[in-house]
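Participant: Sharing work.pdb, PDB, C-alpha atoms, pLDDT in the B column:
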ATOM      1  CA  MET A   1      -4.841 -23.055   6.008  1.00 69.00           C
ATOM      2  CA  ASP A   2      -1.163 -22.622   5.144  1.00 82.00           C
ATOM      3  CA  LYS A   3       0.085 -20.980   1.956  1.00 86.00           C
ATOM      4  CA  GLN A   4       1.064 -24.258   0.319  1.00 88.00           C
ATOM      5  CA  GLU A   5      -2.431 -25.659   0.774  1.00 87.00           C
ATOM      6  CA  GLN A   6      -4.015 -22.414  -0.387  1.00 85.00           C
ATOM      7  CA  ASP A   7      -1.847 -22.375  -3.515  1.00 90.00           C
ATOM      8  CA  ARG A   8      -2.859 -25.967  -4.262  1.00 89.00           C
ATOM      9  CA  LEU A   9      -6.523 -24.980  -4.087  1.00 88.00           C
ATOM     10  CA  LYS A  10      -5.973 -21.910  -6.246  1.00 89.00           C
ATOM     11  CA  LYS A  11      -4.216 -24.024  -8.871  1.00 92.00           C
ATOM     12  CA  GLU A  12      -7.080 -26.517  -8.978  1.00 91.00           C
ATOM     13  CA  ALA A  13      -9.679 -23.781  -9.491  1.00 93.00           C
ATOM     14  CA  ALA A  14      -7.509 -22.081 -12.107  1.00 95.00           C
ATOM     15  CA  THR A  15      -7.016 -25.303 -14.069  1.00 95.00           C
ATOM     16  CA  LYS A  16     -10.779 -25.896 -14.110  1.00 95.00           C
ATOM     17  CA  ALA A  17     -11.341 -22.383 -15.482  1.00 96.00           C
ATOM     18  CA  ALA A  18      -8.682 -22.845 -18.166  1.00 97.00           C
ATOM     19  CA  GLU A  19     -10.578 -25.885 -19.422  1.00 96.00           C
ATOM     20  CA  MET A  20     -13.542 -23.610 -20.200  1.00 96.00           C
ATOM     21  CA  VAL A  21     -11.550 -21.440 -22.614  1.00 97.00           C
ATOM     22  CA  GLU A  22     -12.210 -22.251 -26.278  1.00 97.00           C
ATOM     23  CA  SER A  23     -10.040 -21.570 -29.313  1.00 96.00           C
ATOM     24  CA  GLY A  24     -11.116 -18.465 -31.202  1.00 97.00           C
ATOM     25  CA  MET A  25     -12.302 -16.630 -28.103  1.00 98.00           C
ATOM     26  CA  THR A  26     -11.530 -13.051 -27.181  1.00 98.00           C
ATOM     27  CA  LEU A  27     -10.454 -13.538 -23.590  1.00 98.00           C
ATOM     28  CA  GLY A  28     -10.242 -11.155 -20.651  1.00 98.00           C
ATOM     29  CA  VAL A  29      -7.646 -12.110 -18.053  1.00 98.00           C
ATOM     30  CA  GLY A  30      -7.593 -10.620 -14.575  1.00 95.00           C
ATOM     31  CA  THR A  31      -4.824 -10.302 -12.066  1.00 89.00           C
ATOM     32  CA  GLY A  32      -3.734 -11.856  -8.794  1.00 87.00           C
ATOM     33  CA  SER A  33      -2.202 -15.035  -7.463  1.00 89.00           C
ATOM     34  CA  THR A  34      -5.034 -17.351  -8.563  1.00 91.00           C
ATOM     35  CA  VAL A  35      -5.072 -15.857 -12.056  1.00 94.00           C
ATOM     36  CA  ALA A  36      -1.319 -16.476 -12.325  1.00 95.00           C
ATOM     37  CA  PHE A  37      -2.079 -20.205 -12.072  1.00 96.00           C
ATOM     38  CA  PHE A  38      -4.817 -19.768 -14.699  1.00 97.00           C
ATOM     39  CA  ILE A  39      -2.342 -18.156 -17.101  1.00 98.00           C
ATOM     40  CA  ASP A  40       0.100 -21.030 -16.573  1.00 97.00           C
ATOM     41  CA  ALA A  41      -2.704 -23.480 -17.398  1.00 97.00           C
ATOM     42  CA  LEU A  42      -3.528 -21.515 -20.566  1.00 97.00           C
ATOM     43  CA  GLY A  43       0.118 -21.727 -21.596  1.00 97.00           C
ATOM     44  CA  LYS A  44       0.070 -25.483 -21.070  1.00 97.00           C
ATOM     45  CA  ARG A  45      -3.037 -25.835 -23.257  1.00 97.00           C
ATOM     46  CA  LYS A  46      -1.396 -23.668 -25.915  1.00 97.00           C
ATOM     47  CA  ASP A  47       1.666 -25.931 -25.999  1.00 96.00           C
ATOM     48  CA  GLU A  48      -0.117 -29.271 -25.698  1.00 96.00           C
ATOM     49  CA  GLU A  49      -3.365 -28.640 -27.594  1.00 96.00           C
ATOM     50  CA  GLY A  50      -2.580 -25.710 -29.857  1.00 96.00           C
ATOM     51  CA  LEU A  51      -5.049 -23.386 -28.129  1.00 96.00           C
ATOM     52  CA  LYS A  52      -5.384 -20.221 -30.214  1.00 96.00           C
ATOM     53  CA  LEU A  53      -7.185 -17.106 -29.022  1.00 97.00           C
ATOM     54  CA  LYS A  54      -8.564 -14.337 -31.197  1.00 97.00           C
ATOM     55  CA  ALA A  55      -7.399 -11.698 -28.728  1.00 97.00           C
ATOM     56  CA  ILE A  56      -6.472 -11.314 -25.062  1.00 98.00           C
ATOM     57  CA  VAL A  57      -6.901  -8.266 -22.866  1.00 98.00           C
ATOM     58  CA  THR A  58      -5.704  -8.114 -19.295  1.00 97.00           C
ATOM     59  CA  THR A  59      -6.095  -5.981 -16.197  1.00 93.00           C
ATOM     60  CA  SER A  60      -2.476  -5.606 -15.100  1.00 90.00           C
ATOM     61  CA  ASN A  61       1.061  -5.347 -16.410  1.00 90.00           C
ATOM     62  CA  ARG A  62       1.966  -8.378 -14.315  1.00 92.00           C
ATOM     63  CA  SER A  63      -0.561 -10.580 -16.113  1.00 95.00           C
ATOM     64  CA  LYS A  64       0.440  -9.070 -19.453  1.00 96.00           C
ATOM     65  CA  LYS A  65       4.101  -9.941 -18.934  1.00 97.00           C
ATOM     66  CA  GLN A  66       3.243 -13.472 -17.854  1.00 98.00           C
ATOM     67  CA  LEU A  67       1.003 -14.015 -20.899  1.00 98.00           C
ATOM     68  CA  GLU A  68       3.609 -12.623 -23.278  1.00 97.00           C
ATOM     69  CA  SER A  69       6.314 -14.828 -21.741  1.00 97.00           C
ATOM     70  CA  LEU A  70       4.158 -17.828 -22.726  1.00 97.00           C
ATOM     71  CA  GLY A  71       3.810 -16.620 -26.305  1.00 96.00           C
ATOM     72  CA  PHE A  72       0.406 -14.928 -26.167  1.00 96.00           C
ATOM     73  CA  LYS A  73      -0.163 -11.549 -27.799  1.00 96.00           C
ATOM     74  CA  VAL A  74      -1.942  -9.094 -25.496  1.00 97.00           C
ATOM     75  CA  SER A  75      -4.192  -6.334 -26.889  1.00 97.00           C
ATOM     76  CA  GLU A  76      -5.541  -3.157 -25.316  1.00 96.00           C
ATOM     77  CA  LEU A  77      -9.175  -3.033 -24.208  1.00 96.00           C
ATOM     78  CA  ALA A  78      -9.798  -0.236 -26.728  1.00 96.00           C
ATOM     79  CA  ASP A  79      -8.737  -2.607 -29.528  1.00 96.00           C
ATOM     80  CA  ILE A  80     -11.581  -5.097 -28.983  1.00 97.00           C
ATOM     81  CA  ASP A  81     -15.350  -4.789 -29.060  1.00 95.00           C
ATOM     82  CA  GLN A  82     -16.124  -7.239 -26.282  1.00 96.00           C
ATOM     83  CA  ALA A  83     -14.552 -10.203 -24.526  1.00 98.00           C
ATOM     84  CA  ASP A  84     -16.342 -13.530 -24.879  1.00 98.00           C
ATOM     85  CA  LEU A  85     -15.153 -14.542 -21.430  1.00 98.00           C
ATOM     86  CA  THR A  86     -13.254 -12.872 -18.598  1.00 98.00           C
ATOM     87  CA  VAL A  87     -11.598 -14.950 -15.886  1.00 98.00           C
ATOM     88  CA  ASP A  88     -10.493 -13.155 -12.742  1.00 96.00           C
ATOM     89  CA  GLY A  89     -10.052 -13.644  -9.029  1.00 94.00           C
ATOM     90  CA  ALA A  90     -11.975 -11.926  -6.233  1.00 95.00           C
ATOM     91  CA  ASP A  91     -11.160 -10.793  -2.714  1.00 96.00           C
ATOM     92  CA  ARG A  92     -14.562 -11.746  -1.341  1.00 98.00           C
ATOM     93  CA  VAL A  93     -17.586 -13.478  -2.888  1.00 98.00           C
ATOM     94  CA  ALA A  94     -21.033 -13.423  -1.281  1.00 98.00           C
ATOM     95  CA  ASP A  95     -23.710 -16.105  -1.557  1.00 97.00           C
ATOM     96  CA  ASN A  96     -25.411 -14.197  -4.397  1.00 97.00           C
ATOM     97  CA  LEU A  97     -22.077 -13.944  -6.322  1.00 98.00           C
ATOM     98  CA  ASP A  98     -21.601 -10.247  -5.615  1.00 98.00           C
ATOM     99  CA  GLY A  99     -17.980  -9.489  -4.868  1.00 98.00           C
ATOM    100  CA  ILE A 100     -15.308  -7.161  -3.539  1.00 98.00           C
ATOM    101  CA  LYS A 101     -12.296  -6.688  -5.806  1.00 97.00           C
ATOM    102  CA  GLY A 102      -9.358  -4.327  -5.947  1.00 96.00           C
ATOM    103  CA  GLY A 103      -7.051  -5.682  -3.271  1.00 95.00           C
ATOM    104  CA  GLY A 104      -4.254  -5.512  -5.812  1.00 92.00           C
ATOM    105  CA  GLY A 105      -5.115  -1.938  -6.806  1.00 94.00           C
ATOM    106  CA  ALA A 106      -6.340  -2.682 -10.341  1.00 93.00           C
ATOM    107  CA  LEU A 107     -10.067  -2.224  -9.693  1.00 96.00           C
ATOM    108  CA  THR A 108     -10.711   0.389 -12.399  1.00 96.00           C
ATOM    109  CA  LEU A 109      -9.287  -1.649 -15.250  1.00 94.00           C
ATOM    110  CA  GLU A 110     -10.776  -4.837 -13.794  1.00 95.00           C
ATOM    111  CA  LYS A 111     -14.258  -3.339 -13.838  1.00 97.00           C
ATOM    112  CA  ASN A 112     -13.825  -1.910 -17.331  1.00 96.00           C
ATOM    113  CA  VAL A 113     -12.803  -5.316 -18.687  1.00 96.00           C
ATOM    114  CA  ALA A 114     -15.613  -7.024 -16.769  1.00 97.00           C
ATOM    115  CA  ILE A 115     -18.352  -4.694 -17.989  1.00 97.00           C
ATOM    116  CA  ASN A 116     -17.242  -5.328 -21.577  1.00 97.00           C
ATOM    117  CA  SER A 117     -17.446  -9.115 -21.280  1.00 98.00           C
ATOM    118  CA  LYS A 118     -20.221 -11.490 -22.315  1.00 98.00           C
ATOM    119  CA  LYS A 119     -19.461 -13.838 -19.425  1.00 98.00           C
ATOM    120  CA  ILE A 120     -17.495 -13.462 -16.183  1.00 98.00           C
ATOM    121  CA  ILE A 121     -15.997 -16.319 -14.190  1.00 98.00           C
ATOM    122  CA  TRP A 122     -14.225 -15.802 -10.865  1.00 97.00           C
ATOM    123  CA  ILE A 123     -11.785 -18.372  -9.529  1.00 95.00           C
ATOM    124  CA  VAL A 124     -11.275 -18.503  -5.766  1.00 93.00           C
ATOM    125  CA  ASP A 125     -10.408 -20.786  -2.890  1.00 89.00           C
ATOM    126  CA  GLU A 126     -12.955 -21.269  -0.119  1.00 92.00           C
ATOM    127  CA  SER A 127     -11.308 -18.659   2.132  1.00 91.00           C
ATOM    128  CA  LYS A 128     -12.816 -15.925  -0.066  1.00 95.00           C
ATOM    129  CA  LEU A 129     -16.419 -17.019   0.538  1.00 97.00           C
ATOM    130  CA  VAL A 130     -18.761 -15.033   2.796  1.00 97.00           C
ATOM    131  CA  HIS A 131     -22.516 -15.046   3.265  1.00 97.00           C
ATOM    132  CA  ARG A 132     -22.653 -11.260   2.851  1.00 96.00           C
ATOM    133  CA  LEU A 133     -19.898  -8.904   1.740  1.00 98.00           C
ATOM    134  CA  SER A 134     -17.512  -8.523   4.653  1.00 97.00           C
ATOM    135  CA  GLY A 135     -14.055  -9.322   5.925  1.00 97.00           C
ATOM    136  CA  PHE A 136     -12.135  -7.210   3.423  1.00 98.00           C
ATOM    137  CA  PRO A 137     -11.679  -3.416   3.096  1.00 98.00           C
ATOM    138  CA  LEU A 138     -13.552  -1.888   0.174  1.00 98.00           C
ATOM    139  CA  PRO A 139     -11.155  -0.115  -2.230  1.00 98.00           C
ATOM    140  CA  VAL A 140     -12.195   3.265  -3.643  1.00 98.00           C
ATOM    141  CA  GLU A 141      -9.968   4.893  -6.262  1.00 98.00           C
ATOM    142  CA  VAL A 142     -10.030   8.688  -5.965  1.00 98.00           C
ATOM    143  CA  LEU A 143      -8.576  11.633  -7.847  1.00 98.00           C
ATOM    144  CA  PRO A 144      -5.673  13.372  -6.067  1.00 98.00           C
ATOM    145  CA  ILE A 145      -7.246  16.807  -6.676  1.00 98.00           C
ATOM    146  CA  SER A 146     -10.157  16.140  -4.305  1.00 98.00           C
ATOM    147  CA  CYS A 147      -8.999  13.121  -2.325  1.00 98.00           C
ATOM    148  CA  GLU A 148      -8.786  14.978   0.996  1.00 98.00           C
ATOM    149  CA  GLN A 149     -12.402  16.106   0.705  1.00 98.00           C
ATOM    150  CA  ASN A 150     -13.441  12.563  -0.236  1.00 98.00           C
ATOM    151  CA  PHE A 151     -11.640  11.164   2.801  1.00 98.00           C
ATOM    152  CA  LYS A 152     -13.373  13.630   5.152  1.00 98.00           C
ATOM    153  CA  ARG A 153     -16.793  12.886   3.650  1.00 98.00           C
ATOM    154  CA  PHE A 154     -16.254   9.167   4.064  1.00 98.00           C
ATOM    155  CA  GLU A 155     -15.319   9.778   7.705  1.00 98.00           C
ATOM    156  CA  GLN A 156     -18.492  11.791   8.219  1.00 98.00           C
ATOM    157  CA  GLU A 157     -20.540   8.968   6.682  1.00 97.00           C
ATOM    158  CA  GLY A 158     -19.027   6.464   9.127  1.00 97.00           C
ATOM    159  CA  LEU A 159     -17.289   4.495   6.385  1.00 98.00           C
ATOM    160  CA  LYS A 160     -13.992   4.225   8.318  1.00 98.00           C
ATOM    161  CA  PRO A 161     -11.643   5.340   5.516  1.00 98.00           C
ATOM    162  CA  GLN A 162      -7.956   4.472   5.473  1.00 98.00           C
ATOM    163  CA  TRP A 163      -5.347   5.558   2.953  1.00 98.00           C
ATOM    164  CA  ARG A 164      -3.766   2.671   1.115  1.00 98.00           C
ATOM    165  CA  MET A 165      -0.038   2.981   1.615  1.00 98.00           C
ATOM    166  CA  ASP A 166       3.031   1.881  -0.314  1.00 97.00           C
ATOM    167  CA  GLY A 167       5.696   1.974   2.360  1.00 97.00           C
ATOM    168  CA  ASP A 168       5.588   5.465   3.850  1.00 97.00           C
ATOM    169  CA  LYS A 169       3.845   6.988   0.813  1.00 98.00           C
ATOM    170  CA  ARG A 170       0.312   6.761  -0.514  1.00 98.00           C
ATOM    171  CA  TYR A 171      -0.236   3.965  -2.987  1.00 98.00           C
ATOM    172  CA  ILE A 172      -0.523   5.250  -6.573  1.00 97.00           C
ATOM    173  CA  THR A 173      -2.678   3.358  -9.077  1.00 95.00           C
ATOM    174  CA  HIS A 174      -1.956   2.617 -12.730  1.00 90.00           C
ATOM    175  CA  TYR A 175      -3.851   5.814 -13.575  1.00 94.00           C
ATOM    176  CA  GLY A 176      -2.006   8.025 -11.086  1.00 97.00           C
ATOM    177  CA  ASN A 177      -4.754   8.103  -8.470  1.00 98.00           C
ATOM    178  CA  TYR A 178      -4.963   7.184  -4.781  1.00 98.00           C
ATOM    179  CA  ILE A 179      -6.935   4.424  -3.080  1.00 98.00           C
ATOM    180  CA  ILE A 180      -9.003   4.912   0.048  1.00 98.00           C
ATOM    181  CA  ASP A 181      -9.939   1.605   1.666  1.00 98.00           C
ATOM    182  CA  LEU A 182     -13.254   1.651   3.544  1.00 98.00           C
ATOM    183  CA  ALA A 183     -13.161  -0.561   6.628  1.00 97.00           C
ATOM    184  CA  VAL A 184     -16.949  -0.710   7.109  1.00 95.00           C
ATOM    185  CA  ASP A 185     -17.664  -4.345   7.890  1.00 96.00           C
ATOM    186  CA  PRO A 186     -19.951  -5.932   6.995  1.00 96.00           C
ATOM    187  CA  ILE A 187     -21.226  -3.763   4.154  1.00 96.00           C
ATOM    188  CA  PRO A 188     -24.850  -3.193   5.232  1.00 91.00           C
ATOM    189  CA  ALA A 189     -26.348  -2.299   1.852  1.00 96.00           C
ATOM    190  CA  PRO A 190     -23.946  -2.960  -1.041  1.00 98.00           C
ATOM    191  CA  HIS A 191     -26.184  -1.503  -3.769  1.00 98.00           C
ATOM    192  CA  GLY A 192     -26.865   1.613  -1.709  1.00 98.00           C
ATOM    193  CA  LEU A 193     -23.160   2.139  -1.005  1.00 98.00           C
ATOM    194  CA  ALA A 194     -22.304   1.538  -4.678  1.00 98.00           C
ATOM    195  CA  ASP A 195     -24.879   4.130  -5.712  1.00 98.00           C
ATOM    196  CA  TYR A 196     -23.470   6.629  -3.195  1.00 98.00           C
ATOM    197  CA  LEU A 197     -19.914   6.116  -4.449  1.00 98.00           C
ATOM    198  CA  ASP A 198     -21.008   6.228  -8.103  1.00 98.00           C
ATOM    199  CA  HIS A 199     -22.459   9.684  -7.477  1.00 98.00           C
ATOM    200  CA  THR A 200     -19.551  11.055  -5.420  1.00 98.00           C
ATOM    201  CA  VAL A 201     -17.453  13.548  -7.374  1.00 98.00           C
ATOM    202  CA  GLY A 202     -13.778  12.629  -7.260  1.00 98.00           C
ATOM    203  CA  VAL A 203     -14.401   8.888  -7.036  1.00 98.00           C
ATOM    204  CA  VAL A 204     -12.980   7.178 -10.121  1.00 98.00           C
ATOM    205  CA  GLU A 205     -14.173   3.657  -9.296  1.00 98.00           C
ATOM    206  CA  HIS A 206     -14.925   1.340  -6.384  1.00 98.00           C
ATOM    207  CA  GLY A 207     -14.428  -2.329  -5.698  1.00 98.00           C
ATOM    208  CA  LEU A 208     -18.067  -3.385  -5.395  1.00 98.00           C
ATOM    209  CA  PHE A 209     -18.694  -5.766  -8.291  1.00 98.00           C
ATOM    210  CA  LEU A 210     -22.457  -6.284  -8.080  1.00 98.00           C
ATOM    211  CA  ASP A 211     -24.704  -8.259 -10.438  1.00 97.00           C
ATOM    212  CA  MET A 212     -21.724  -8.887 -12.715  1.00 97.00           C
ATOM    213  CA  CYS A 213     -20.331 -12.361 -12.077  1.00 98.00           C
ATOM    214  CA  ASP A 214     -21.983 -15.310 -13.858  1.00 98.00           C
ATOM    215  CA  GLU A 215     -20.069 -18.203 -12.353  1.00 97.00           C
ATOM    216  CA  VAL A 216     -17.619 -18.862  -9.520  1.00 98.00           C
ATOM    217  CA  ILE A 217     -15.235 -21.817  -9.450  1.00 96.00           C
ATOM    218  CA  ILE A 218     -14.404 -22.610  -5.833  1.00 95.00           C
ATOM    219  CA  ALA A 219     -11.627 -24.899  -4.653  1.00 91.00           C
ATOM    220  CA  HIS A 220     -12.470 -26.444  -1.277  1.00 91.00           C
ATOM    221  CA  SER A 221      -9.978 -27.734   1.269  1.00 87.00           C
ATOM    222  CA  ASP A 222     -11.501 -31.229   1.062  1.00 88.00           C
ATOM    223  CA  GLY A 223     -10.232 -31.439  -2.525  1.00 84.00           C
ATOM    224  CA  THR A 224     -13.566 -30.805  -4.237  1.00 89.00           C
ATOM    225  CA  ILE A 225     -14.193 -28.158  -6.885  1.00 92.00           C
ATOM    226  CA  GLU A 226     -17.530 -26.366  -6.734  1.00 95.00           C
ATOM    227  CA  ASP A 227     -18.911 -24.659  -9.828  1.00 96.00           C
ATOM    228  CA  LYS A 228     -21.470 -22.136  -8.617  1.00 96.00           C
ATOM    229  CA  LYS A 229     -23.674 -20.368 -11.172  1.00 94.00           C
ATOM    230  CA  LYS A 230     -26.336 -17.703 -10.911  1.00 86.00           C
TER     231      LYS A 230
END
Go through the file and emit its structure as structure tokens.

Facilitator:
Amino acid sequence: MDKQEQDRLKKEAATKAAEMVESGMTLGVGTGSTVAFFIDALGKRKDEEGLKLKAIVTTSNRSKKQLESLGFKVSELADIDQADLTVDGADRVADNLDGIKGGGGALTLEKNVAINSKKIIWIVDESKLVHRLSGFPLPVEVLPISCEQNFKRFEQEGLKPQWRMDGDKRYITHYGNYIIDLAVDPIPAPHGLADYLDHTVGVVEHGLFLDMCDEVIIAHSDGTIEDKKK
């Protein structure tokens, strides 16, 4: 699938998701190329239908700037109690709607917005679908103070760690941390690995989003849109 075709699919899924947003909602908005199309569709609804949102929180400066350029006011997560709906992309989605996220480096804020949302919808094209979580490195955000020890432990556990790089330097997250991508593929026991990472000192957050997503809107190459719910 070429980029033009993939972008067409992303736009279709994003437009479908934008139709589910209701005036008066507190909305969580994710980040990534598919979400950029979703934000454009929100802007169109704002201009054509007068869509008004109670509040918007987002997971990246890129999405914030795009929303503000369309006339939306963006709040901080700490300023809201809970989002009614969060729409985001995903790097991989399994049959049971578990996912891997964090390819763009915003996993910590993405998970914080997601966990404080009443409903979560992911928008993806069919290339992101897998039967079980695989085909994409698992991001783990780690504190610089103990990152070397974390890396060695992950090696010892056979998790095939790799530093995420930004040119010739280590990638630095929004919060000033590093990301170690785990190349274990497929992930044999996602809940077990999540529990291990959750209890590893120095790990800030990981990209396993388990038992969180309520609905996935999937754009297929045959032109159909699938709405998959738990």

Participant: I'd like to know which of A:Lys3, A:Lys101, A:Arg45, A:His174 is closest to A:Ala114, using all atoms listed in the file.

Facilitator: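 Checking each of A:Lys3, A:Lys101, A:Arg45, A:His174 against A:Ala114, counting all atoms listed in the file, the winner is A:Lys101.
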
Participant: If the box runs along x, y and z of the file and leaves 8 Å on each side of stretch 208-221 of chain A, what are its centre and edge lengths in Å, one decimal, as AutoDock Vina command-line options?

Facilitator:
--center_x -17.3 --center_y -15.6 --center_z -6.3 --size_x 30.7 --size_y 40.3 --size_z 31.1

Participant: Counting all atoms listed in the file, figure out which residue out of A:Ala90, A:Met20, A:Ile187, A:Leu107 gets nearest to A:Asp125.

Facilitator: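 Under the stated criterion, the closest residue is A:Ala90.
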
Participant: Pick out the closest residue to A:Ile217 from this set: A:Leu51, A:Val201, A:Ala189, A:Leu129. Count all atoms listed in the file.

Facilitator: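 Smallest separation from A:Ile217 among the options: A:Leu129.
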
Participant: Report as a CSV table (one decimal) with C-alpha atoms, in the frame of the given file the residues that result from applying the PyMOL selection byres ((chain A and resi 11-19) around 7) to the structure here.

Facilitator:
chain,number,residue,atom,x,y,z
A,7,ASP,CA,-1.8,-22.4,-3.5
A,8,ARG,CA,-2.9,-26.0,-4.3
A,9,LEU,CA,-6.5,-25.0,-4.1
A,10,LYS,CA,-6.0,-21.9,-6.2
A,20,MET,CA,-13.5,-23.6,-20.2
A,21,VAL,CA,-11.6,-21.4,-22.6
A,34,THR,CA,-5.0,-17.4,-8.6
A,35,VAL,CA,-5.1,-15.9,-12.1
A,37,PHE,CA,-2.1,-20.2,-12.1
A,38,PHE,CA,-4.8,-19.8,-14.7
A,41,ALA,CA,-2.7,-23.5,-17.4
A,42,LEU,CA,-3.5,-21.5,-20.6
A,123,ILE,CA,-11.8,-18.4,-9.5
A,124,VAL,CA,-11.3,-18.5,-5.8
A,217,ILE,CA,-15.2,-21.8,-9.4
A,218,ILE,CA,-14.4,-22.6,-5.8
A,219,ALA,CA,-11.6,-24.9,-4.7
A,225,ILE,CA,-14.2,-28.2,-6.9

Participant: Enumerate, as a PyMOL selection string, the residues matched when the PyMOL selection byres ((chain A and resi 22-32) around 7) is run on the file above.

Facilitator: chain A and resi 20-21+33-36+51-60+63+83-89+110+113

Participant: Using only C-alpha atoms, what table do you get, as JSON lines, when you list each residue of stretch 126-168 of chain A with an atom no more than 8 Å from stretch 93-99 of chain A, its nearest pair of atoms, and their distance in Å rounded to one decimal, rows by chain then rising number?

Facilitator:
{"residue": "A:Lys128", "atom": "CA", "partner": "A:Val93", "partner_atom": "CA", "distance": 6.1}
{"residue": "A:Leu129", "atom": "CA", "partner": "A:Val93", "partner_atom": "CA", "distance": 5.1}
{"residue": "A:Val130", "atom": "CA", "partner": "A:Ala94", "partner_atom": "CA", "distance": 4.9}
{"residue": "A:His131", "atom": "CA", "partner": "A:Ala94", "partner_atom": "CA", "distance": 5.0}
{"residue": "A:Arg132", "atom": "CA", "partner": "A:Ala94", "partner_atom": "CA", "distance": 4.9}
{"residue": "A:Leu133", "atom": "CA", "partner": "A:Ala94", "partner_atom": "CA", "distance": 5.6}

Participant: Any chance you can output those residues with C-alpha atoms as a PDB file, in the frame of the given file?

Facilitator:
ATOM      1  CA  LYS A 128     -12.816 -15.925  -0.066  1.00 95.00           C
ATOM      2  CA  LEU A 129     -16.419 -17.019   0.538  1.00 97.00           C
ATOM      3  CA  VAL A 130     -18.761 -15.033   2.796  1.00 97.00           C
ATOM      4  CA  HIS A 131     -22.516 -15.046   3.265  1.00 97.00           C
ATOM      5  CA  ARG A 132     -22.653 -11.260   2.851  1.00 96.00           C
ATOM      6  CA  LEU A 133     -19.898  -8.904   1.740  1.00 98.00           C
TER       7      LEU A 133
END

Participant: Which residues of stretch 57-171 of chain A come within 8 Å of stretch 205-213 of chain A, and for each one, what is the closest pair of atoms and their distance in Å to one decimal, counting only C-alpha atoms, sorted by chain and residue number, as JSON lines?

Facilitator:
{"residue": "A:Leu97", "atom": "CA", "partner": "A:Cys213", "partner_atom": "CA", "distance": 6.2}
{"residue": "A:Asp98", "atom": "CA", "partner": "A:Leu210", "partner_atom": "CA", "distance": 4.7}
{"residue": "A:Gly99", "atom": "CA", "partner": "A:Phe209", "partner_atom": "CA", "distance": 5.1}
{"residue": "A:Ile100", "atom": "CA", "partner": "A:Leu208", "partner_atom": "CA", "distance": 5.0}
{"residue": "A:Lys101", "atom": "CA", "partner": "A:Gly207", "partner_atom": "CA", "distance": 4.9}
{"residue": "A:Gly102", "atom": "CA", "partner": "A:Gly207", "partner_atom": "CA", "distance": 5.5}
{"residue": "A:Leu107", "atom": "CA", "partner": "A:Gly207", "partner_atom": "CA", "distance": 5.9}
{"residue": "A:Thr108", "atom": "CA", "partner": "A:Glu205", "partner_atom": "CA", "distance": 5.7}
{"residue": "A:Lys111", "atom": "CA", "partner": "A:Phe209", "partner_atom": "CA", "distance": 7.5}
{"residue": "A:Ala114", "atom": "CA", "partner": "A:Met212", "partner_atom": "CA", "distance": 7.6}
{"residue": "A:Ile115", "atom": "CA", "partner": "A:Met212", "partner_atom": "CA", "distance": 7.5}
{"residue": "A:Lys119", "atom": "CA", "partner": "A:Cys213", "partner_atom": "CA", "distance": 7.5}
{"residue": "A:Ile120", "atom": "CA", "partner": "A:Cys213", "partner_atom": "CA", "distance": 5.1}
{"residue": "A:Ile121", "atom": "CA", "partner": "A:Cys213", "partner_atom": "CA", "distance": 6.2}
{"residue": "A:Trp122", "atom": "CA", "partner": "A:Cys213", "partner_atom": "CA", "distance": 7.1}
{"residue": "A:Leu138", "atom": "CA", "partner": "A:Gly207", "partner_atom": "CA", "distance": 6.0}
{"residue": "A:Pro139", "atom": "CA", "partner": "A:Gly207", "partner_atom": "CA", "distance": 5.3}
{"residue": "A:Val140", "atom": "CA", "partner": "A:His206", "partner_atom": "CA", "distance": 4.3}
{"residue": "A:Glu141", "atom": "CA", "partner": "A:Glu205", "partner_atom": "CA", "distance": 5.3}
{"residue": "A:Val142", "atom": "CA", "partner": "A:Glu205", "partner_atom": "CA", "distance": 7.3}

Participant: Could you write out as an MDAnalysis selection string the residues that the PyMOL selection byres ((chain A and resi 134) around 6) matches in the shown file?

Facilitator: chainID A and resid 133 135:136 185:186

Participant: Calculate how many Å separate atom CA of A:Ser127 from atom CA of A:Glu215, rounding to one decimal.

Facilitator: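 The value is 16.9 Å.
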
Participant: Report, in Å to a single decimal, how far apart atom CA of A:Leu77 and atom CA of A:Asn116 are.

Facilitator: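 Distance between the two atoms: 8.8 Å.
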
Participant: To one decimal place in Å, what is the distance between atom CA of A:Asn61 and atom CA of A:Tyr175?

Facilitator: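 Calculated distance between atom CA of A:Asn61 and atom CA of A:Tyr175 is 12.5 Å.
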
Participant: Smallest atom-to-atom distance to A:Ala106: which of A:Tyr171, A:Lys230, A:His220, A:Tyr196, using all atoms listed in the file?

Facilitator: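 Nearest to A:Ala106: A:Tyr171.
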